[in-house]
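Have a look at data_29.pdb below; it lists PDB, C-alpha atoms.
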MODEL        1
ATOM      1  CA  MET G   1     -39.542  -7.015   5.911
ATOM      2  CA  ASP G   2     -39.699  -3.233   6.122
ATOM      3  CA  PRO G   3     -37.330  -1.247   3.849
ATOM      4  CA  ILE G   4     -35.129   0.059   6.699
ATOM      5  CA  LYS G   5     -34.459  -3.430   8.097
ATOM      6  CA  ARG G   6     -33.869  -4.776   4.578
ATOM      7  CA  ARG G   7     -31.383  -1.974   3.855
ATOM      8  CA  GLY G   8     -29.547  -2.723   7.131
ATOM      9  CA  LEU G   9     -29.451  -6.436   6.346
ATOM     10  CA  LEU G  10     -28.143  -5.796   2.828
ATOM     11  CA  SER G  11     -25.485  -3.411   4.168
ATOM     12  CA  SER G  12     -24.353  -6.001   6.727
ATOM     13  CA  LEU G  13     -24.262  -8.699   4.061
ATOM     14  CA  ALA G  14     -22.191  -6.440   1.780
ATOM     15  CA  VAL G  15     -19.660  -5.854   4.579
ATOM     16  CA  VAL G  16     -19.357  -9.598   5.306
ATOM     17  CA  LEU G  17     -19.056 -10.520   1.627
ATOM     18  CA  GLY G  18     -16.567  -7.698   1.119
ATOM     19  CA  ALA G  19     -14.425  -8.972   3.980
ATOM     20  CA  VAL G  20     -14.479 -12.497   2.537
ATOM     21  CA  TRP G  21     -13.738 -11.265  -0.982
ATOM     22  CA  GLY G  22     -11.024  -8.939   0.351
ATOM     23  CA  GLY G  23      -9.462 -11.867   2.228
ATOM     24  CA  ALA G  24      -9.326 -13.885  -0.972
ATOM     25  CA  ARG G  25      -7.675 -10.947  -2.730
ATOM     26  CA  ALA G  26      -5.184 -10.578   0.135
ATOM     27  CA  GLU G  27      -4.242 -14.222  -0.201
ATOM     28  CA  ALA G  28      -3.840 -13.779  -3.964
ATOM     29  CA  ALA G  29      -1.592 -10.746  -3.410
ATOM     30  CA  SER G  30       0.635 -12.628  -0.961
ATOM     31  CA  LYS G  31       0.931 -15.577  -3.363
ATOM     32  CA  ALA G  32       2.171 -13.164  -6.032
ATOM     33  CA  ALA G  33       5.238 -12.446  -3.895
ATOM     34  CA  ASP G  34       8.562 -14.027  -4.863
ATOM     35  CA  PRO G  35       8.940 -17.260  -2.816
ATOM     36  CA  SER G  36      12.537 -16.350  -1.951
ATOM     37  CA  TRP G  37      11.148 -13.314  -0.073
ATOM     38  CA  GLN G  38       8.554 -15.207   1.975
ATOM     39  CA  LEU G  39      10.465 -14.888   5.240
ATOM     40  CA  SER G  40       9.302 -15.972   8.688
ATOM     41  CA  ASP G  41       7.854 -13.387  11.044
ATOM     42  CA  SER G  42      11.006 -13.473  13.187
ATOM     43  CA  GLU G  43      13.210 -12.968  10.090
ATOM     44  CA  TRP G  44      11.161  -9.903   9.100
ATOM     45  CA  ARG G  45      11.400  -8.509  12.650
ATOM     46  CA  LYS G  46      15.210  -8.833  12.530
ATOM     47  CA  ARG G  47      15.403  -7.257   9.077
ATOM     48  CA  LEU G  48      13.095  -4.254   9.655
ATOM     49  CA  SER G  49      12.737  -1.443  12.179
ATOM     50  CA  PRO G  50       9.634  -1.764  14.396
ATOM     51  CA  ALA G  51       7.887   1.005  12.417
ATOM     52  CA  ALA G  52       8.727  -0.574   9.040
ATOM     53  CA  TYR G  53       7.650  -4.003  10.321
ATOM     54  CA  ASN G  54       4.285  -2.598  11.449
ATOM     55  CA  VAL G  55       3.595  -1.085   8.016
ATOM     56  CA  LEU G  56       5.152  -3.670   5.686
ATOM     57  CA  ARG G  57       4.124  -6.848   7.481
ATOM     58  CA  ARG G  58       1.058  -5.779   9.550
ATOM     59  CA  GLU G  59      -0.456  -3.308   7.052
ATOM     60  CA  GLY G  60      -0.156  -0.463   9.535
ATOM     61  CA  THR G  61      -0.039   3.242   8.697
ATOM     62  CA  GLU G  62       2.585   5.737   9.807
ATOM     63  CA  ARG G  63       1.606   9.165  11.139
ATOM     64  CA  PRO G  64       1.178  11.768   8.398
ATOM     65  CA  PHE G  65       4.049  14.258   7.932
ATOM     66  CA  SER G  66       6.426  11.938   9.842
ATOM     67  CA  SER G  67       8.542  10.690   6.915
ATOM     68  CA  PRO G  68      11.589  12.577   5.611
ATOM     69  CA  LEU G  69      10.773  11.062   2.195
ATOM     70  CA  ASN G  70       7.681  13.245   2.052
ATOM     71  CA  SER G  71       9.947  16.209   1.200
ATOM     72  CA  GLU G  72      12.500  14.276  -0.917
ATOM     73  CA  LYS G  73      13.001  16.258  -4.146
ATOM     74  CA  ARG G  74      16.137  14.698  -5.707
ATOM     75  CA  GLN G  75      16.145  12.606  -8.879
ATOM     76  CA  GLY G  76      16.165   8.910  -8.107
ATOM     77  CA  THR G  77      14.147   5.815  -7.342
ATOM     78  CA  PHE G  78      11.964   4.876  -4.378
ATOM     79  CA  LEU G  79      12.537   1.243  -3.381
ATOM     80  CA  CYS G  80      10.614  -1.172  -1.176
ATOM     81  CA  ALA G  81      12.197  -0.997   2.287
ATOM     82  CA  GLY G  82      11.640  -4.746   2.677
ATOM     83  CA  CYS G  83      13.407  -6.076  -0.416
ATOM     84  CA  ARG G  84      14.681  -3.001  -2.330
ATOM     85  CA  LEU G  85      12.552  -3.637  -5.426
ATOM     86  CA  PRO G  86      12.209  -0.340  -7.368
ATOM     87  CA  LEU G  87       8.608   0.859  -6.972
ATOM     88  CA  PHE G  88       8.452   4.530  -8.029
ATOM     89  CA  SER G  89      10.515   7.006 -10.014
ATOM     90  CA  SER G  90      11.054  10.449  -8.507
ATOM     91  CA  SER G  91       9.595  11.840 -11.753
ATOM     92  CA  ALA G  92       6.190  10.410 -10.714
ATOM     93  CA  LYS G  93       6.281  11.994  -7.228
ATOM     94  CA  PHE G  94       4.069  14.979  -6.433
ATOM     95  CA  GLU G  95       3.036  17.014  -3.389
ATOM     96  CA  SER G  96      -0.433  15.806  -2.426
ATOM     97  CA  GLY G  97      -0.701  17.716   0.863
ATOM     98  CA  THR G  98      -1.751  14.490   2.611
ATOM     99  CA  GLY G  99       1.425  14.039   4.657
ATOM    100  CA  TRP G 100       2.613  10.895   2.875
ATOM    101  CA  PRO G 101       4.883  10.513  -0.162
ATOM    102  CA  SER G 102       2.554  10.409  -3.182
ATOM    103  CA  PHE G 103       3.080   9.257  -6.752
ATOM    104  CA  PHE G 104       0.886   9.279  -9.857
ATOM    105  CA  GLN G 105       2.172   5.933 -11.180
ATOM    106  CA  PRO G 106       4.349   3.010 -10.077
ATOM    107  CA  LEU G 107       7.206   1.524 -12.044
ATOM    108  CA  PRO G 108       6.170  -1.437 -14.248
ATOM    109  CA  GLY G 109       6.026  -4.728 -12.348
ATOM    110  CA  GLY G 110       6.571  -3.116  -8.948
ATOM    111  CA  ILE G 111       3.248  -3.546  -7.196
ATOM    112  CA  VAL G 112       0.189  -5.774  -6.829
ATOM    113  CA  THR G 113      -3.182  -4.566  -5.571
ATOM    114  CA  LYS G 114      -6.046  -5.899  -3.498
ATOM    115  CA  THR G 115      -9.298  -4.521  -2.172
ATOM    116  CA  ASP G 116      -9.192  -3.462   1.480
ATOM    117  CA  PHE G 117     -12.395  -3.234   3.572
ATOM    118  CA  LYS G 118     -10.779  -2.231   6.895
ATOM    119  CA  LEU G 119     -12.762   1.047   6.960
ATOM    120  CA  LEU G 120     -15.880  -0.810   5.688
ATOM    121  CA  VAL G 121     -15.610   1.083   2.411
ATOM    122  CA  PRO G 122     -13.656  -0.631  -0.356
ATOM    123  CA  ARG G 123     -10.224   0.880  -1.011
ATOM    124  CA  THR G 124      -7.443  -0.308  -3.280
ATOM    125  CA  GLU G 125      -4.399  -1.299  -1.265
ATOM    126  CA  TYR G 126      -1.063  -2.018  -2.906
ATOM    127  CA  HIS G 127       1.897  -4.182  -1.939
ATOM    128  CA  CYS G 128       5.396  -4.791  -3.224
ATOM    129  CA  ARG G 129       5.170  -7.455  -5.905
ATOM    130  CA  ARG G 130       8.347  -9.195  -4.752
ATOM    131  CA  CYS G 131       8.112  -9.398  -0.934
ATOM    132  CA  GLY G 132       4.405  -8.671  -0.449
ATOM    133  CA  GLY G 133       5.141  -5.712   1.851
ATOM    134  CA  HIS G 134       2.248  -3.286   2.351
ATOM    135  CA  GLN G 135       2.991   0.129   0.857
ATOM    136  CA  GLY G 136      -0.230   2.137   0.944
ATOM    137  CA  HIS G 137      -3.468   2.850  -0.915
ATOM    138  CA  VAL G 138      -4.284   4.226  -4.354
ATOM    139  CA  PHE G 139      -6.988   6.844  -4.902
ATOM    140  CA  ASN G 140      -8.566   8.421  -7.981
ATOM    141  CA  ASP G 141      -7.727  12.023  -7.044
ATOM    142  CA  GLY G 142      -4.200  12.387  -8.410
ATOM    143  CA  PRO G 143      -2.761  14.594 -11.143
ATOM    144  CA  ARG G 144      -2.517  13.959 -14.854
ATOM    145  CA  PRO G 145      -1.599  11.907 -16.728
ATOM    146  CA  THR G 146      -3.069   9.019 -14.661
ATOM    147  CA  GLY G 147      -5.432  10.751 -12.220
ATOM    148  CA  LYS G 148      -4.149   8.322  -9.556
ATOM    149  CA  ARG G 149      -2.597   9.060  -6.163
ATOM    150  CA  TYR G 150      -0.443   6.236  -4.811
ATOM    151  CA  CYS G 151      -0.306   7.327  -1.180
ATOM    152  CA  ASN G 152       2.714   5.548   0.302
ATOM    153  CA  ASN G 153       3.952   5.069   3.833
ATOM    154  CA  GLY G 154       7.428   6.613   3.856
ATOM    155  CA  VAL G 155       8.745   4.001   6.298
ATOM    156  CA  ALA G 156       7.921   1.348   3.674
ATOM    157  CA  LEU G 157      10.320   2.993   1.198
ATOM    158  CA  ASP G 158      14.036   3.626   0.778
ATOM    159  CA  PHE G 159      15.350   6.268  -1.616
ATOM    160  CA  LYS G 160      18.248   5.782  -4.020
ATOM    161  CA  ALA G 161      19.499   9.012  -5.582
ATOM    162  CA  GLY G 162      20.673   9.046  -9.157
TER
ENDMDL
END
Same coordinates, now as structure tokens:
Amino acid sequence: MDPIKRRGLLSSLAVVLGAVWGGARAEAASKAADPSWQLSDSEWRKRLSPAAYNVLRREGTERPFSSPLNSEKRQGTFLCAGCRLPLFSSSAKFESGTGWPSFFQPLPGGIVTKTDFKLLVPRTEYHCRRCGGHQGHVFNDGPRPTGKRYCNNGVALDFKAG
């Protein structure tokens, strides 16, 4: 087999294996959710706005610069909009310029991660540990001390001042 065809075959195989592996990780992430928060689809639709449902339950993404939480500067805690589990402290929030609320670290026990291959390139996606709601993706281009950027959909969060 010539090198170009072999490279194409290997790339295709990597995508397929990545999708399978990512699916297994997704299942593992959803099993990590608290069983009392494993609601039916219709229960989630009643509980959430259409935009929050799309992000939290369908792993959608809101438009950048559309969330009022992007400019939230008060002291407080950012909670999962699905179950109100505390996910981020305002002290970990920073202005990333991306258009989404960004944090350099989550609160302990707040999130679980999985590998996402939706763009064919592996990315680390994170979900609320308790209800399994999709929050966003984490990247290695954040500030010190962690170097991480937890890029969160604002519609997936609520803010509690204090």
Apply the PyMOL selection byres ((chain G and resi 131) around 10) to the structure shown and report the selected residues as a list in words.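 Listing what the PyMOL selection byres ((chain G and resi 131) around 10) selects in the shown file: Ser30, Lys31, Ala32, Ala33, Asp34, Pro35, Ser36, Trp37, Gln38, Leu39, Leu56, Arg57, Cys80, Ala81, Gly82, Cys83, Arg84, Leu85, Ile111, His127, Cys128, Arg129, Arg130, Gly132, Gly133 and His134 of chain G.
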Take the residues that were just selected and, keeping C-alpha atoms, output them as a PDB file, keeping the file's coordinate frame.
ATOM      1  CA  SER G  30       0.635 -12.628  -0.961  1.00  0.00           C
ATOM      2  CA  LYS G  31       0.931 -15.577  -3.363  1.00  0.00           C
ATOM      3  CA  ALA G  32       2.171 -13.164  -6.032  1.00  0.00           C
ATOM      4  CA  ALA G  33       5.238 -12.446  -3.895  1.00  0.00           C
ATOM      5  CA  ASP G  34       8.562 -14.027  -4.863  1.00  0.00           C
ATOM      6  CA  PRO G  35       8.940 -17.260  -2.816  1.00  0.00           C
ATOM      7  CA  SER G  36      12.537 -16.350  -1.951  1.00  0.00           C
ATOM      8  CA  TRP G  37      11.148 -13.314  -0.073  1.00  0.00           C
ATOM      9  CA  GLN G  38       8.554 -15.207   1.975  1.00  0.00           C
ATOM     10  CA  LEU G  39      10.465 -14.888   5.240  1.00  0.00           C
ATOM     11  CA  LEU G  56       5.152  -3.670   5.686  1.00  0.00           C
ATOM     12  CA  ARG G  57       4.124  -6.848   7.481  1.00  0.00           C
ATOM     13  CA  CYS G  80      10.614  -1.172  -1.176  1.00  0.00           C
ATOM     14  CA  ALA G  81      12.197  -0.997   2.287  1.00  0.00           C
ATOM     15  CA  GLY G  82      11.640  -4.746   2.677  1.00  0.00           C
ATOM     16  CA  CYS G  83      13.407  -6.076  -0.416  1.00  0.00           C
ATOM     17  CA  ARG G  84      14.681  -3.001  -2.330  1.00  0.00           C
ATOM     18  CA  LEU G  85      12.552  -3.637  -5.426  1.00  0.00           C
ATOM     19  CA  ILE G 111       3.248  -3.546  -7.196  1.00  0.00           C
ATOM     20  CA  HIS G 127       1.897  -4.182  -1.939  1.00  0.00           C
ATOM     21  CA  CYS G 128       5.396  -4.791  -3.224  1.00  0.00           C
ATOM     22  CA  ARG G 129       5.170  -7.455  -5.905  1.00  0.00           C
ATOM     23  CA  ARG G 130       8.347  -9.195  -4.752  1.00  0.00           C
ATOM     24  CA  GLY G 132       4.405  -8.671  -0.449  1.00  0.00           C
ATOM     25  CA  GLY G 133       5.141  -5.712   1.851  1.00  0.00           C
ATOM     26  CA  HIS G 134       2.248  -3.286   2.351  1.00  0.00           C
TER      27      HIS G 134
END
If we count all atoms listed in the file and set the cut-off at 10 Å, which residues sit around G:Glu95, ignoring sequence neighbours fewer than 4 positions away in its own chain? Please answer as a PyMOL selection string. chain G and resi 70-71+99-103+142-143
Atoms to include: C-alpha atoms. Write the selected residues as an mmCIF file, in the coordinates of the input.
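Ended up saving to out-v4.cif:
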data_model
loop_
_atom_site.group_PDB
_atom_site.id
_atom_site.type_symbol
_atom_site.label_atom_id
_atom_site.label_comp_id
_atom_site.auth_asym_id
_atom_site.auth_seq_id
_atom_site.Cartn_x
_atom_site.Cartn_y
_atom_site.Cartn_z
ATOM 1 C CA ASN G 70 7.681 13.245 2.052
ATOM 2 C CA SER G 71 9.947 16.209 1.200
ATOM 3 C CA GLY G 99 1.425 14.039 4.657
ATOM 4 C CA TRP G 100 2.613 10.895 2.875
ATOM 5 C CA PRO G 101 4.883 10.513 -0.162
ATOM 6 C CA SER G 102 2.554 10.409 -3.182
ATOM 7 C CA PHE G 103 3.080 9.257 -6.752
ATOM 8 C CA GLY G 142 -4.200 12.387 -8.410
ATOM 9 C CA PRO G 143 -2.761 14.594 -11.143
#
Ground truth for the PyMOL selection byres ((chain G and resi 53) around 10), written as a PyMOL selection string: chain G and resi 41+44-52+54-60+81-82+133-134+155-156
Write out as a list in words which residues come within 9 Å of G:Glu72 when counting only C-alpha atoms, dropping same-chain ones fewer than 4 positions away.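 Counting only C-alpha atoms, the residues come to Pro68, Ser90, Pro101 and Phe159 of chain G.
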Could you check which of G:Leu69, G:Val138, G:Leu157, G:Leu119 is closest to G:Leu87, using all atoms listed in the file? G:Leu157
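Computed from the coordinates, the atom CA of G:Gln105 to atom CA of G:Cys151 distance equals 10.4 Å.
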Test item: the PyMOL selection byres ((chain G and resi 137) around 10) resolved as a list in words: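 With the shown file as input, the PyMOL selection byres ((chain G and resi 137) around 10) matches Ser102, Thr113, Lys114, Thr115, Asp116, Arg123, Thr124, Glu125, Tyr126, His127, His134, Gln135, Gly136, Val138, Phe139, Arg149, Tyr150, Cys151, Asn152 and Asn153 of chain G.
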Selection above as a file: C-alpha atoms, as a PDB file, in the frame of the given file:
ATOM      1  CA  SER G 102       2.554  10.409  -3.182  1.00  0.00           C
ATOM      2  CA  THR G 113      -3.182  -4.566  -5.571  1.00  0.00           C
ATOM      3  CA  LYS G 114      -6.046  -5.899  -3.498  1.00  0.00           C
ATOM      4  CA  THR G 115      -9.298  -4.521  -2.172  1.00  0.00           C
ATOM      5  CA  ASP G 116      -9.192  -3.462   1.480  1.00  0.00           C
ATOM      6  CA  ARG G 123     -10.224   0.880  -1.011  1.00  0.00           C
ATOM      7  CA  THR G 124      -7.443  -0.308  -3.280  1.00  0.00           C
ATOM      8  CA  GLU G 125      -4.399  -1.299  -1.265  1.00  0.00           C
ATOM      9  CA  TYR G 126      -1.063  -2.018  -2.906  1.00  0.00           C
ATOM     10  CA  HIS G 127       1.897  -4.182  -1.939  1.00  0.00           C
ATOM     11  CA  HIS G 134       2.248  -3.286   2.351  1.00  0.00           C
ATOM     12  CA  GLN G 135       2.991   0.129   0.857  1.00  0.00           C
ATOM     13  CA  GLY G 136      -0.230   2.137   0.944  1.00  0.00           C
ATOM     14  CA  VAL G 138      -4.284   4.226  -4.354  1.00  0.00           C
ATOM     15  CA  PHE G 139      -6.988   6.844  -4.902  1.00  0.00           C
ATOM     16  CA  ARG G 149      -2.597   9.060  -6.163  1.00  0.00           C
ATOM     17  CA  TYR G 150      -0.443   6.236  -4.811  1.00  0.00           C
ATOM     18  CA  CYS G 151      -0.306   7.327  -1.180  1.00  0.00           C
ATOM     19  CA  ASN G 152       2.714   5.548   0.302  1.00  0.00           C
ATOM     20  CA  ASN G 153       3.952   5.069   3.833  1.00  0.00           C
TER      21      ASN G 153
END
Give me, please, the distance in Å between atom CA of G:Phe104 and atom CA of G:Thr146, quoted to one decimal.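 Interatomic distance, atom CA of G:Phe104 to atom CA of G:Thr146: 6.2 Å.
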Which one is closest to G:Leu79: G:Pro64, G:Gly97, G:Pro145, G:Gly110? Count only C-alpha atoms.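 That would be G:Gly110, the residue with the smallest distance to G:Leu79.
For the atom pair formed by atom CA of G:Asp141 and atom CA of G:Thr98, the distance is 11.6 Å, given to one decimal.
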Box time for stretch 144-148 of chain G: axis-aligned, enclosing all its listed atoms, 3 Å extra on each side; report centre and edge lengths in Å to one decimal, as JSON.
{"center_x": -3.5, "center_y": 11.1, "center_z": -13.1, "size_x": 9.8, "size_y": 11.6, "size_z": 13.2}
Closest to G:Asp158 among G:Phe94, G:Pro86, G:Arg144, G:Leu120, using all atoms listed in the file?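 Closest to G:Asp158 of all the choices is G:Pro86.
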